[in-house]
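S.K.: My structure file structure-v8.cif, mmCIF, C-alpha atoms, is below:
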data_query
#
loop_
_atom_site.label_atom_id
_atom_site.label_comp_id
_atom_site.auth_asym_id
_atom_site.auth_seq_id
_atom_site.Cartn_x
_atom_site.Cartn_y
_atom_site.Cartn_z
CA MET A 71 2.96 80.98 8.90
CA GLU A 72 3.71 79.49 5.46
CA ASN A 73 6.09 82.21 4.17
CA TYR A 74 7.40 85.52 5.45
CA LEU A 75 7.34 87.96 2.55
CA HIS A 76 5.62 90.99 4.12
CA ILE A 77 5.17 92.39 7.63
CA ASN A 78 1.45 91.57 7.40
CA ASP A 79 2.27 87.86 7.14
CA LEU A 80 2.87 87.91 10.91
CA GLY A 81 -0.77 88.27 11.84
CA ASN A 82 -0.94 90.18 15.13
CA LEU A 83 2.25 92.25 15.29
CA GLN A 84 2.06 92.88 19.02
CA ASP A 85 1.83 89.16 19.79
CA VAL A 86 4.88 88.43 17.64
CA VAL A 87 6.88 91.25 19.25
CA LYS A 88 6.07 89.88 22.72
CA GLU A 89 7.12 86.40 21.58
CA ALA A 90 10.41 87.72 20.20
CA ILE A 91 11.18 89.58 23.44
CA ALA A 92 10.46 86.38 25.38
CA LEU A 93 12.85 84.48 23.08
CA LYS A 94 15.61 86.91 24.02
CA GLN A 95 15.36 85.72 27.63
CA ALA A 96 15.85 82.04 26.72
CA PRO A 97 16.91 81.85 23.05
CA TYR A 98 17.94 78.18 23.06
CA GLN A 99 14.72 76.73 24.43
CA PHE A 100 13.61 75.67 20.92
CA LYS A 101 16.97 74.31 19.74
CA GLU A 102 15.38 70.95 18.82
CA LEU A 103 12.81 72.58 16.53
CA GLY A 104 15.13 72.76 13.53
CA LYS A 105 17.07 69.57 14.20
CA GLN A 106 17.93 67.65 11.00
CA LYS A 107 16.50 70.50 8.91
CA THR A 108 18.31 72.97 6.65
CA ILE A 109 17.83 76.59 5.65
CA CYS A 110 19.40 77.92 2.46
CA LEU A 111 20.24 81.63 2.38
CA LEU A 112 20.51 83.01 -1.16
CA PHE A 113 22.12 86.43 -1.54
CA PHE A 114 21.81 88.36 -4.78
CA ASN A 115 23.25 91.40 -2.93
CA ASN A 116 25.78 92.10 -0.20
CA SER A 117 24.89 91.76 3.46
CA LEU A 118 26.29 92.01 6.98
CA ARG A 119 23.50 92.18 9.59
CA THR A 120 20.96 90.21 7.55
CA ARG A 121 23.33 87.38 6.80
CA LEU A 122 24.83 87.05 10.28
CA SER A 123 21.58 87.55 12.20
CA THR A 124 19.62 85.08 10.06
CA GLN A 125 22.41 82.50 10.32
CA LYS A 126 22.58 83.00 14.09
CA ALA A 127 18.81 82.71 14.46
CA ALA A 128 18.77 79.52 12.39
CA MET A 129 21.59 77.95 14.40
CA ILE A 130 19.90 78.81 17.70
CA LEU A 131 16.87 76.84 16.45
CA GLY A 132 19.06 73.87 15.53
CA LEU A 133 18.93 74.39 11.75
CA ASP A 134 21.84 73.60 9.49
CA VAL A 135 22.67 76.61 7.30
CA MET A 136 23.80 76.79 3.67
CA VAL A 137 24.75 80.16 2.15
CA MET A 138 25.16 81.01 -1.52
CA ASN A 139 26.10 84.35 -3.05
CA PHE A 140 24.50 84.39 -6.49
CA GLY A 141 26.53 87.34 -7.69
CA SER A 142 29.76 85.37 -7.64
CA GLU A 143 28.81 81.71 -7.13
CA GLY A 144 25.62 80.87 -9.00
CA TRP A 145 24.49 80.77 -12.61
CA GLN A 146 22.71 83.88 -13.84
CA LEU A 147 18.99 83.23 -13.56
CA GLU A 148 16.27 83.86 -16.12
CA PHE A 149 12.84 84.78 -14.73
CA GLU A 150 10.72 85.44 -17.82
CA ASP A 151 8.36 82.77 -19.14
CA GLY A 152 8.75 81.65 -22.73
CA THR A 153 12.11 83.34 -23.24
CA VAL A 154 14.68 81.94 -25.64
CA MET A 155 17.74 81.56 -23.44
CA ASP A 156 20.39 82.15 -26.09
CA GLN A 157 22.14 85.03 -24.29
CA GLY A 158 24.05 85.23 -20.98
CA LYS A 159 21.61 83.57 -18.58
CA SER A 160 22.18 79.84 -18.08
CA GLU A 161 19.45 78.69 -15.68
CA HIS A 162 15.74 79.38 -15.28
CA ILE A 163 14.06 80.14 -11.98
CA LYS A 164 11.69 77.20 -12.60
CA GLU A 165 14.49 74.67 -12.25
CA ALA A 166 16.60 76.62 -9.74
CA ALA A 167 13.78 77.00 -7.20
CA GLN A 168 12.81 73.35 -7.49
CA VAL A 169 16.42 72.22 -7.09
CA VAL A 170 16.93 74.37 -3.98
CA SER A 171 13.76 72.80 -2.59
CA GLN A 172 15.44 69.37 -2.79
CA PHE A 173 18.35 70.49 -0.63
CA ALA A 174 16.67 72.70 1.99
CA ASP A 175 13.56 72.93 4.16
CA ILE A 176 13.41 76.75 4.09
CA VAL A 177 14.86 79.21 1.58
CA ALA A 178 15.59 82.87 2.40
CA ILE A 179 16.16 85.39 -0.39
CA ARG A 180 17.86 88.81 -0.54
CA ALA A 181 17.51 90.71 -3.82
CA PHE A 182 17.57 94.51 -4.04
CA ALA A 183 15.77 96.83 -6.41
CA SER A 184 17.52 97.82 -9.62
CA LEU A 185 16.12 101.37 -9.32
CA VAL A 186 15.94 101.41 -13.12
CA ASP A 187 12.63 99.74 -13.99
CA LYS A 188 9.89 100.49 -11.44
CA GLU A 189 7.42 97.99 -12.91
CA LYS A 190 9.99 95.20 -12.86
CA ASP A 191 11.12 96.03 -9.32
CA GLU A 192 7.57 96.11 -8.01
CA ALA A 193 6.89 92.75 -9.65
CA GLU A 194 9.47 91.28 -7.22
CA ILE A 195 10.58 88.74 -9.83
CA VAL A 196 13.26 87.08 -7.69
CA LEU A 197 11.23 86.72 -4.49
CA LYS A 198 7.99 85.90 -6.29
CA GLY A 199 9.79 83.48 -8.59
CA PHE A 200 10.98 81.44 -5.64
CA GLU A 201 7.58 81.68 -3.97
CA LYS A 202 5.93 80.35 -7.14
CA TYR A 203 8.30 77.51 -8.01
CA ALA A 204 9.82 76.41 -4.69
CA SER A 205 8.00 73.76 -2.69
CA ILE A 206 9.40 75.00 0.65
CA PRO A 207 8.70 78.13 2.76
CA VAL A 208 10.27 81.38 1.53
CA VAL A 209 11.60 84.19 3.75
CA ASN A 210 12.22 87.74 2.52
CA MET A 211 15.65 88.96 3.66
CA GLU A 212 15.06 92.25 1.74
CA SER A 213 13.49 92.51 -1.65
CA SER A 214 12.93 95.23 -4.20
CA VAL A 215 10.20 96.93 -2.19
CA GLY A 216 10.34 95.57 1.36
CA HIS A 217 12.51 94.53 4.29
CA PRO A 218 10.09 92.88 6.74
CA LEU A 219 12.80 91.32 8.94
CA GLN A 220 14.22 94.80 9.59
CA ALA A 221 10.74 96.18 10.24
CA LEU A 222 10.06 93.47 12.81
CA ALA A 223 13.38 94.19 14.54
CA ASP A 224 12.40 97.86 14.59
CA ALA A 225 9.05 97.00 16.17
CA ILE A 226 10.84 94.99 18.87
CA THR A 227 13.19 97.92 19.51
CA LEU A 228 10.34 100.41 19.78
CA GLU A 229 8.51 98.20 22.26
CA GLU A 230 11.59 97.73 24.43
CA HIS A 231 12.51 101.42 24.60
CA LYS A 232 9.22 103.30 24.64
CA THR A 233 8.53 105.27 27.82
CA VAL A 234 4.99 106.38 26.97
CA GLU A 235 2.05 104.25 25.87
CA LYS A 236 1.53 106.06 22.56
CA PRO A 237 4.92 107.42 21.41
CA LYS A 238 5.50 109.88 18.60
CA VAL A 239 7.62 108.21 15.91
CA VAL A 240 9.11 110.19 13.00
CA LEU A 241 10.54 108.70 9.82
CA SER A 242 12.91 111.29 8.35
CA TRP A 243 14.59 111.29 4.95
CA ALA A 244 18.31 112.11 4.97
CA PRO A 245 20.86 112.97 2.28
CA HIS A 246 23.04 110.27 0.74
CA PRO A 247 25.66 110.33 -2.05
CA LYS A 248 23.92 107.68 -4.15
CA ALA A 249 20.42 106.47 -4.97
CA LEU A 250 19.05 103.98 -2.43
CA PRO A 251 16.01 101.67 -2.59
CA HIS A 252 12.70 102.23 -0.80
CA ALA A 253 12.51 98.81 0.88
CA VAL A 254 13.44 99.72 4.46
CA ALA A 255 11.30 102.86 4.47
CA ASN A 256 8.35 101.00 2.91
CA SER A 257 8.37 98.23 5.50
CA PHE A 258 8.86 100.67 8.37
CA VAL A 259 5.79 102.62 7.21
CA GLU A 260 3.77 99.40 6.88
CA MET A 261 4.88 98.29 10.34
CA MET A 262 4.01 101.65 11.91
CA LYS A 263 0.49 101.40 10.49
CA LEU A 264 0.05 98.42 12.80
CA GLN A 265 1.19 100.36 15.89
CA ASP A 266 -0.64 102.49 18.42
CA ALA A 267 1.55 105.54 17.90
CA GLU A 268 1.61 109.04 16.47
CA PHE A 269 3.48 108.51 13.22
CA VAL A 270 4.88 111.24 10.97
CA ILE A 271 6.90 111.02 7.75
CA THR A 272 9.11 113.95 6.81
CA HIS A 273 11.05 114.47 3.59
CA PRO A 274 11.77 117.18 1.04
CA LYS A 275 9.15 117.72 -1.64
CA GLY A 276 9.74 115.30 -4.49
CA TYR A 277 10.83 112.41 -2.26
CA GLU A 278 7.36 110.97 -1.70
CA LEU A 279 7.31 107.20 -1.26
CA ASN A 280 4.78 104.97 -3.02
CA PRO A 281 1.45 106.71 -2.24
CA GLU A 282 -0.27 103.33 -1.87
CA ILE A 283 2.07 102.54 1.02
CA THR A 284 1.92 105.96 2.72
CA LYS A 285 -1.84 106.30 2.28
CA ASN A 286 -3.43 107.86 5.39
CA CYS A 287 0.00 108.69 6.88
CA LYS A 288 0.81 112.21 8.06
CA ILE A 289 3.51 113.71 5.82
CA VAL A 290 5.27 116.97 6.77
CA HIS A 291 7.84 118.65 4.52
CA ASP A 292 9.21 120.84 7.32
CA GLN A 293 11.66 118.57 9.15
CA GLU A 294 11.98 120.78 12.23
CA LYS A 295 8.20 120.90 12.66
CA ALA A 296 7.85 117.16 12.15
CA LEU A 297 10.46 116.44 14.83
CA GLU A 298 8.72 118.44 17.57
CA ASN A 299 8.07 116.31 20.67
CA ALA A 300 9.27 113.14 18.95
CA ASN A 301 10.08 110.10 21.10
CA PHE A 302 11.79 108.16 18.31
CA VAL A 303 13.38 109.41 15.10
CA TYR A 304 14.08 106.84 12.39
CA VAL A 305 16.39 108.24 9.71
CA LYS A 306 16.73 106.74 6.24
CA ASN A 307 17.56 107.86 2.73
CA TRP A 308 15.53 106.81 -0.29
CA SER A 309 15.60 107.86 -3.92
CA ASN A 310 12.79 109.41 -5.93
CA TYR A 311 9.73 107.22 -6.50
CA LYS A 312 7.88 109.17 -9.20
CA ASP A 313 11.01 109.87 -11.27
CA TYR A 314 12.11 106.41 -10.32
CA GLY A 315 15.52 105.90 -8.76
CA LYS A 316 16.69 109.46 -9.34
CA VAL A 317 18.46 111.70 -6.82
CA LEU A 318 16.81 115.10 -7.08
CA HIS A 319 19.15 116.82 -4.66
CA GLN A 320 21.31 116.12 -1.63
CA ASP A 321 20.15 118.80 0.77
CA LYS A 322 22.72 118.65 3.57
CA ASN A 323 20.34 120.55 5.83
CA TRP A 324 18.44 117.26 6.32
CA ILE A 325 21.29 115.57 8.19
CA MET A 326 20.23 114.45 11.67
CA THR A 327 21.96 116.44 14.39
CA GLN A 328 21.87 116.40 18.19
CA GLU A 329 20.13 119.78 18.12
CA LYS A 330 17.31 118.45 15.92
CA LEU A 331 17.00 115.16 17.79
CA ARG A 332 16.52 116.86 21.16
CA LYS A 333 15.56 114.11 23.64
CA ALA A 334 14.32 111.54 21.12
CA LYS A 335 15.87 108.13 20.57
CA PHE A 336 17.69 107.72 17.25
CA MET A 337 17.10 104.74 14.96
CA HIS A 338 18.72 103.60 11.70
CA CYS A 339 18.90 100.19 10.01
CA LEU A 340 22.67 100.42 9.27
CA PRO A 341 25.02 100.71 7.48
CA VAL A 342 25.01 104.47 7.92
CA ARG A 343 27.32 107.15 6.53
CA ARG A 344 28.57 109.19 9.43
CA ASN A 345 28.37 112.97 9.10
CA VAL A 346 26.33 112.62 5.91
CA VAL A 347 23.14 110.98 7.15
CA VAL A 348 23.72 111.63 10.85
CA GLU A 349 26.42 113.37 12.83
CA ASP A 350 28.84 111.54 15.12
CA ALA A 351 27.39 113.22 18.20
CA VAL A 352 24.08 111.42 17.65
CA LEU A 353 25.46 107.99 16.75
CA ASP A 354 27.88 108.00 19.67
CA SER A 355 25.32 109.16 22.22
CA ASN A 356 23.21 107.04 24.56
CA GLN A 357 20.18 108.16 22.54
CA SER A 358 21.27 105.99 19.63
CA LEU A 359 19.52 102.60 19.35
CA VAL A 360 21.27 101.40 16.18
CA ILE A 361 23.22 98.62 17.93
CA GLN A 362 20.10 97.45 19.77
CA GLN A 363 18.25 97.35 16.44
CA ALA A 364 21.04 95.28 14.92
CA SER A 365 20.93 92.88 17.87
CA ASN A 366 17.17 92.52 17.50
CA ARG A 367 17.64 91.36 13.91
CA THR A 368 18.56 87.94 15.36
CA PHE A 369 15.32 87.73 17.30
CA SER A 370 13.13 88.99 14.47
CA ALA A 371 14.58 86.23 12.28
CA GLN A 372 14.32 83.69 15.08
CA VAL A 373 10.64 84.28 15.78
CA VAL A 374 9.86 84.12 12.05
CA LEU A 375 11.78 80.88 11.53
CA LYS A 376 10.27 79.39 14.70
CA ARG A 377 6.76 80.05 13.45
CA ILE A 378 7.54 78.63 10.02
CA LEU A 379 9.06 75.48 11.55
CA GLU A 380 6.07 75.05 13.83
CA LYS A 381 3.69 75.39 10.88
CA ASN A 382 5.64 73.02 8.64
#
For this file, produce the structure as structure tokens.
M.R.:
Amino acid sequence: MENYLHINDLGNLQDVVKEAIALKQAPYQFKELGKQKTICLLFFNNSLRTRLSTQKAAMILGLDVMVMNFGSEGWQLEFEDGTVMDQGKSEHIKEAAQVVSQFADIVAIRAFASLVDKEKDEAEIVLKGFEKYASIPVVNMESSVGHPLQALADAITLEEHKTVEKPKVVLSWAPHPKALPHAVANSFVEMMKLQDAEFVITHPKGYELNPEITKNCKIVHDQEKALENANFVYVKNWSNYKDYGKVLHQDKNWIMTQEKLRKAKFMHCLPVRRNVVVEDAVLDSNQSLVIQQASNRTFSAQVVLKRILEKN
């Protein structure tokens, strides 16, 4: 694997999930793989699980880790070609990516959507800029439209906790006080397309995701109906896609409750707003898998970095 930008970069998802689960049993068996090599983690947005899990995964593989928060520590970057840089931005992606490549063997990028300009967000200018100009492998730690490390951790979690061969998995929209990106939901949908499962997406009308991503997926606007006989319920908020980045309404009836969940396992990428997105009774129950998902973030990052190191 040259880069990890999208869930499809993995090849056979099931094989990678099995490899990640095996790594959990003996995580330090490849500690020499990254010896005398360095990964640089560049954060254009805040992070808790992504930062710590990727650092932990890198250290388990013997990599040295450098972390930089561009919001407070780096020069503002320009990404457009041919621009006259006479305003606030001091450095161009062309030089920045090449310089990082001199100091590291792998670079991992986290850069959220602006939720203002759909065309610009979907162009993935930060991630694609580093892919184009860096001479080292690039890992997506969440971009404008995708979060493939989270999706892989979710796939690992589903495999570990399923009790039937073909589970029913529901992705449900939930209310949230502010507009959120589509990245986690997008990558979860793309990951579920690679699974042998009954998959349903449920959300209020007007909260459709990118139709190119949800193509051929079953979409139900009645949440109660969608949740019938579910084995796993993955809850996530996202803002409007057509009227880009807007919050049409905050229907509190879409909160996930114990009554709605029934016997299903509950999943969420975290952080989560208690008693807004999901009630305490769900999060604090033994049906909640959110901590297991967070733990699996280390092993999703580890298997990705292992494969990149082996390739390079």
S.K.: Suppose a student applies the PyMOL selection byres ((chain A and resi 187) around 12) to this structure; what residues should they get, written as a ChimeraX atom specification?
M.R.: /A:183-186,188-195,214,311-316
S.K.: Output as CSV one row per residue of stretch 158-253 of chain A within 12 Å of stretch 86-98 of chain A: the closest atom pair and its distance in Å to one decimal place, counting all atoms listed in the file, sorted by chain and residue number ascending.
M.R.:
residue,atom,partner,partner_atom,distance
A:Leu219,CA,A:Val87,CA,11.9
A:Ala221,CA,A:Val87,CA,11.0
A:Leu222,CA,A:Val87,CA,7.5
A:Ala223,CA,A:Val87,CA,8.5
A:Asp224,CA,A:Val87,CA,9.8
A:Ala225,CA,A:Val87,CA,6.9
A:Ile226,CA,A:Val87,CA,5.5
A:Thr227,CA,A:Val87,CA,9.2
A:Leu228,CA,A:Val87,CA,9.8
A:Glu229,CA,A:Val87,CA,7.7
A:Glu230,CA,A:Ile91,CA,8.2
A:His231,CA,A:Ile91,CA,12.0
S.K.: For this file, the PyMOL selection byres ((chain A and resi 379) around 9) selects which residues, as a list in words?
M.R.: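 Answer for the PyMOL selection byres ((chain A and resi 379) around 9): Met71, Leu103, Gly104, Ile176, Val374, Leu375, Lys376, Arg377, Ile378, Glu380, Lys381 and Asn382 of chain A.
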S.K.: Give me the result of the PyMOL selection byres ((chain A and resi 238-249) around 6) on this file, residue by residue, as a tab-separated table (two decimals) with C-alpha atoms, in the coordinates of the input.
M.R.:
chain	number	residue	atom	x	y	z
A	237	PRO	CA	4.92	107.42	21.41
A	250	LEU	CA	19.05	103.98	-2.43
A	267	ALA	CA	1.55	105.54	17.90
A	268	GLU	CA	1.61	109.04	16.47
A	269	PHE	CA	3.48	108.51	13.22
A	270	VAL	CA	4.88	111.24	10.97
A	271	ILE	CA	6.90	111.02	7.75
A	272	THR	CA	9.11	113.95	6.81
A	273	HIS	CA	11.05	114.47	3.59
A	300	ALA	CA	9.27	113.14	18.95
A	301	ASN	CA	10.08	110.10	21.10
A	302	PHE	CA	11.79	108.16	18.31
A	303	VAL	CA	13.38	109.41	15.10
A	304	TYR	CA	14.08	106.84	12.39
A	305	VAL	CA	16.39	108.24	9.71
A	306	LYS	CA	16.73	106.74	6.24
A	307	ASN	CA	17.56	107.86	2.73
A	309	SER	CA	15.60	107.86	-3.92
A	317	VAL	CA	18.46	111.70	-6.82
A	320	GLN	CA	21.31	116.12	-1.63
A	324	TRP	CA	18.44	117.26	6.32
A	325	ILE	CA	21.29	115.57	8.19
A	347	VAL	CA	23.14	110.98	7.15
S.K.: Between A:Ser205, A:Asn280, A:Gln99, A:Gln372, which residue has the minimum interatomic distance to A:Ala253, considering only C-alpha atoms?
M.R.: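 Distance minimum relative to A:Ala253 lands on A:Asn280.
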S.K.: What is the atom CA of A:Glu235 to atom CA of A:Gln265 distance in Å?
M.R.: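 Distance reported for this atom pair: 10.7 Å.
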S.K.: For each of A:His217, A:Arg344, A:Lys263, A:Arg121, take the minimum atom-to-atom distance to A:Thr368, counting only C-alpha atoms, then give the residue where this is smallest.
M.R.: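 Of the candidates, the smallest distance to A:Thr368 is held by A:Arg121.
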S.K.: Report as AutoDock Vina command-line options the centre and the edge lengths, in Å to one decimal, of the axis-aligned box holding every listed atom of stretch 300-313 of chain A, padded by 4 Å on each side.
M.R.:
--center_x 12.7 --center_y 109.9 --center_z 4.9 --size_x 17.7 --size_y 14.4 --size_z 40.4
S.K.: To one decimal place, how far is atom CA of A:Phe173 from atom CA of A:Ser370 in Å?
M.R.: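 Computed distance, atom CA of A:Phe173 to atom CA of A:Ser370, equals 24.4 Å.
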S.K.: Measuring atom to atom with all atoms listed in the file, identify which of A:Asp175, A:Asp354, A:Glu349, A:Glu260 is nearest to A:Asp134.
M.R.: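 Closest residue, counting all atoms listed in the file: A:Asp175.
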S.K.: I'd like the interatomic distance between atom CA of A:Asn356 and atom CA of A:Ala334, to a tenth of an Å.
M.R.: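 Computing the Euclidean distance for atom CA of A:Asn356 and atom CA of A:Ala334 yields 10.5 Å.
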S.K.: Using all atoms listed in the file, which of the listed residues (A:Gln157, A:Ser171, A:Thr327, A:Ser257) sits closest to A:Leu297?
M.R.: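 Among the listed residues, A:Thr327 lies closest to A:Leu297.
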S.K.: Measuring between all atoms listed in the file, which one of A:Leu359, A:Val259, A:Met211, A:Val170 shows the shortest distance to A:Ile283?
M.R.: A:Val259
S.K.: Kindly indicate which residue among A:Thr233, A:Thr284, A:Asn256, A:Asn116 lies nearest to A:Gly216, using all atoms listed in the file for the distances.
M.R.: A:Asn256
